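Q: Supplied in structure tokens, the structure appears directly below.
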Amino acid sequence: MFQESGLASSHEPIETNVVGDLLARHYRLSGHLERLATEKDDTFRLRTGTADHLVKVSPPDEAVAVVALQTAVMRHLEAEAPHLPVQRVEETTEGGDSVPIETKDGRVRVLRVFDFVEGAVLARTNPDTHQLAQAGQMLGRVDLALRSFRHPADERRLVWDLRHFGQLRELIEYTPGAAHRRLAQEVFRLFREAVVPRLGDLETQVIHGDYSPYNVLVDPRTDGFVTGVIDFGDSMRSALIFDPAVSLANLLGRTPGDPWREACSFVAGYERARPIKDTELPLLPVAALARLTLRALVTHWRAERVPERRDYLLEHARDDWVNVERARAVAMEEVVARLLSTRHDTP
């Protein structure tokens, strides 16, 4: 599953001049290519002088069908909900969505070009409760638009899919520190008791999969706040509540005196667009804790195996254990009651 998720190994970065040649040949684009730090693929910002573009080359161990799924999700949203500020896929001069690149070992990587969405990432801002609700509402709108989407590869197996969380206990042994290991074991217990028995009953659909503060672009000066939704690399068919759980995981503990405050604001906004079933809402806080714990565990596991991306990985998971501990200190029943009460606090 780690290999299918593109997390099991590193790869030699693609040379910038090779990307430049492909862009000139298949997109008639040229300019300055700036390499950007990412989790697993090769990503560049292309500055042409008239417009900027985002260029992505998939990792060698990511299946071509999975890349096609990601592209199809974005095409569906463009057609189904053109008003949503979702990043767009640009066509090649031949009218295609991408360019295949055969590697020396016979595998295929996929180059795609997207429009460059301007705005600050949500992670670099300090949103108030209203703005967090707006960010939540945007995810609800995306999920609503994806409700009818189907694709042959949407049942892909992904480490980040919380359906598999209970099978990943072995990751605990890679975690330095006994306190962190005990905390992880407690979250696994909660998930096993609350979520695992319900996995077969949860509402499912294709979801964004990684609506994190680094994949949401915002502008506080605009009424809508959210200016862009990017990176559909973790799109998959899974339980619907696991989509907002990703966002909540990134919001937990950031206000130490009230570790669930931002998460509750986000959920209130999400439910304006895509209400969560009463039977499923109690599982959301546990899923959020599981997602945050999973990131902390995977980060330690990957940092050992992909040293060239170690700094990027550790930066994104810097406060994870602290935030798990803060959020876990609040009883789940209290969090659920608060989530239910927010339904009456917002229009």
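Order determines the names: the first chain of the structure tokens is A, the second B, and so forth; residues in each chain are numbered 1 upward, and ligands are numbered 1 upward as they are shown.
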Looking only at the backbone, which of the residues in segment 148-189 of chain A does DSSP tag as helix (DSSP H, G or I), as an MDAnalysis selection string?
A: chainID A and resid 162:167 169:174 178:189
Q: Using only C-alpha atoms, find each residue of segment 150-209 of chain A with at least one atom at most 8 Å away from an atom of segment 287-292 of chain A; report its shortest atom-to-atom pair and that distance in Å (one decimal), sort the rows by chain and rising residue number, and return the result as CSV.
A:
residue,atom,partner,partner_atom,distance
A:Trp160,CA,A:Arg291,CA,7.7
A:Leu162,CA,A:Arg291,CA,7.0
A:Phe165,CA,A:Ala290,CA,7.4
A:Val187,CA,A:Ala290,CA,6.2
A:Phe188,CA,A:Ala290,CA,7.2
A:Phe191,CA,A:Ala290,CA,6.9
A:Val195,CA,A:Ala287,CA,7.6
Q: May I have the residues within 8 Å of segment 21-26 of chain A as a PyMOL selection string, using only C-alpha atoms and disregarding those fewer than 3 positions away in the same chain?
A: chain A and resi 17-18+29-30+92-94+99
Q: Would you output that residue set with N, CA and C atoms, as a PDB file, in the first residue's frame?
A:
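For reference, part-v3.pdb as written:
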ATOM      1  N   ASN A  17      15.862  20.859 -17.484  1.00  0.00           N
ATOM      2  CA  ASN A  17      15.933  21.079 -18.933  1.00  0.00           C
ATOM      3  C   ASN A  17      15.041  20.095 -19.697  1.00  0.00           C
ATOM      4  N   VAL A  18      14.857  18.877 -19.145  1.00  0.00           N
ATOM      5  CA  VAL A  18      13.958  17.905 -19.777  1.00  0.00           C
ATOM      6  C   VAL A  18      12.522  18.413 -19.709  1.00  0.00           C
ATOM      7  N   LEU A  29       5.083  26.376 -24.435  1.00  0.00           N
ATOM      8  CA  LEU A  29       5.339  27.242 -23.297  1.00  0.00           C
ATOM      9  C   LEU A  29       6.832  27.288 -23.011  1.00  0.00           C
ATOM     10  N   SER A  30       7.306  28.450 -22.620  1.00  0.00           N
ATOM     11  CA  SER A  30       8.711  28.594 -22.240  1.00  0.00           C
ATOM     12  C   SER A  30       8.821  29.705 -21.209  1.00  0.00           C
ATOM     13  N   THR A  92      -2.636  20.069 -23.818  1.00  0.00           N
ATOM     14  CA  THR A  92      -1.473  20.104 -24.695  1.00  0.00           C
ATOM     15  C   THR A  92      -1.892  20.664 -26.053  1.00  0.00           C
ATOM     16  N   THR A  93      -0.940  20.923 -26.910  1.00  0.00           N
ATOM     17  CA  THR A  93      -1.260  21.418 -28.257  1.00  0.00           C
ATOM     18  C   THR A  93      -2.022  20.367 -29.065  1.00  0.00           C
ATOM     19  N   GLU A  94      -1.913  19.089 -28.634  1.00  0.00           N
ATOM     20  CA  GLU A  94      -2.627  18.011 -29.331  1.00  0.00           C
ATOM     21  C   GLU A  94      -4.018  17.783 -28.739  1.00  0.00           C
ATOM     22  N   VAL A  99       1.363  14.521 -20.678  1.00  0.00           N
ATOM     23  CA  VAL A  99       2.424  13.994 -21.540  1.00  0.00           C
ATOM     24  C   VAL A  99       3.115  12.857 -20.796  1.00  0.00           C
TER      25      VAL A  99
END
Q: Which residue gives the smallest distance to Leu202 of chain A among A:Val216, A:Ile276, A:Leu111, A:Val226, with only C-alpha atoms counted?
A: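 Using only C-alpha atoms, the shortest distance to Leu202 of chain A belongs to A:Ile276.
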Q: Tell me, as an mmCIF file with N, CA, C and O atoms, in the first residue's frame, which residues lie within 7 Å of Glu262 of chain A, counting only C-alpha atoms; anything in the same chain fewer than 5 positions away does not count.
A:
data_model
loop_
_atom_site.group_PDB
_atom_site.id
_atom_site.type_symbol
_atom_site.label_atom_id
_atom_site.label_comp_id
_atom_site.auth_asym_id
_atom_site.auth_seq_id
_atom_site.Cartn_x
_atom_site.Cartn_y
_atom_site.Cartn_z
ATOM 1 N N THR A 129 -12.981 32.818 12.992
ATOM 2 C CA THR A 129 -13.964 31.742 12.947
ATOM 3 C C THR A 129 -14.838 31.807 11.697
ATOM 4 O O THR A 129 -15.188 30.775 11.120
ATOM 5 N N LEU A 132 -12.757 30.493 8.783
ATOM 6 C CA LEU A 132 -12.638 29.039 8.862
ATOM 7 C C LEU A 132 -13.928 28.372 8.389
ATOM 8 O O LEU A 132 -13.893 27.341 7.704
ATOM 9 N N LEU A 251 -6.201 21.470 12.059
ATOM 10 C CA LEU A 251 -6.640 22.595 12.894
ATOM 11 C C LEU A 251 -6.583 22.278 14.383
ATOM 12 O O LEU A 251 -6.645 23.194 15.213
#
Q: For each of A:Thr227, A:Ser235, A:Thr103, A:Thr50, take the minimum atom-to-atom distance to Leu146 of chain A, counting only C-alpha atoms, then give the residue where this is smallest.
A: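 Of all the options, A:Ser235 lies closest to Leu146 of chain A.
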Q: Per residue of segment 242-295 of chain A within 9 Å of segment 203-207 of chain A, which atom pair is closest and at what distance in Å (one decimal), using only C-alpha atoms, listed by chain and increasing number, as JSON lines?
A:
{"residue": "A:Phe242", "atom": "CA", "partner": "A:Ile207", "partner_atom": "CA", "distance": 8.4}
{"residue": "A:Asp243", "atom": "CA", "partner": "A:Ile207", "partner_atom": "CA", "distance": 6.2}
{"residue": "A:Lys277", "atom": "CA", "partner": "A:Glu203", "partner_atom": "CA", "distance": 8.7}
{"residue": "A:Glu280", "atom": "CA", "partner": "A:Glu203", "partner_atom": "CA", "distance": 8.6}
Q: Would you save the residues from that selection as a short mmCIF file (atom, residue, chain, number, x, y, z; two decimals), in the first residue's frame, using C-alpha atoms?
A:
data_model
loop_
_atom_site.label_atom_id
_atom_site.label_comp_id
_atom_site.auth_asym_id
_atom_site.auth_seq_id
_atom_site.Cartn_x
_atom_site.Cartn_y
_atom_site.Cartn_z
CA PHE A 242 -12.89 11.39 6.18
CA ASP A 243 -12.67 14.46 3.92
CA LYS A 277 -25.46 12.46 8.92
CA GLU A 280 -21.76 9.77 11.43
#
Q: Counting only C-alpha atoms, figure out which residue out of A:Leu69, A:Ala263, A:Leu281, A:Ala296 gets nearest to Phe232 of chain A.
A: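 Smallest separation from Phe232 of chain A among the options: A:Leu69.
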Q: For the atom pair atom CA of Thr342 of chain A and atom CA of Ala239 of chain A, what is the interatomic distance in Å to one decimal place?
A: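 One can read the atom CA of Thr342 of chain A to atom CA of Ala239 of chain A distance as 22.2 Å.
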Q: Hey, which of A:Ala329, A:Val246, A:Met236, A:Met74 ends up closest to Leu158 of chain A? Count only C-alpha atoms.
A: A:Met236
Q: Would you compute the distance between atom CA of Gln167 of chain A and atom CA of Val142 of chain A? Give it in Å to one decimal.
A: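 Calculated distance between atom CA of Gln167 of chain A and atom CA of Val142 of chain A is 28.9 Å.
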Q: List as a ChimeraX atom specification the protein and nucleic acid residues near segment 54-61 of chain A, meaning an atom at most 9 Å away when only C-alpha atoms are counted, but skip any in the same chain fewer than 5 places from it.
A: /A:3-11,14,19,23,33,40-46,67,101,103,107-117
Q: Expressed in Å to a single decimal, how great is the separation between atom CA of Pro259 of chain A and atom CA of Tyr174 of chain A?
A: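 Value for the atom CA of Pro259 of chain A-atom CA of Tyr174 of chain A distance: 26.6 Å.
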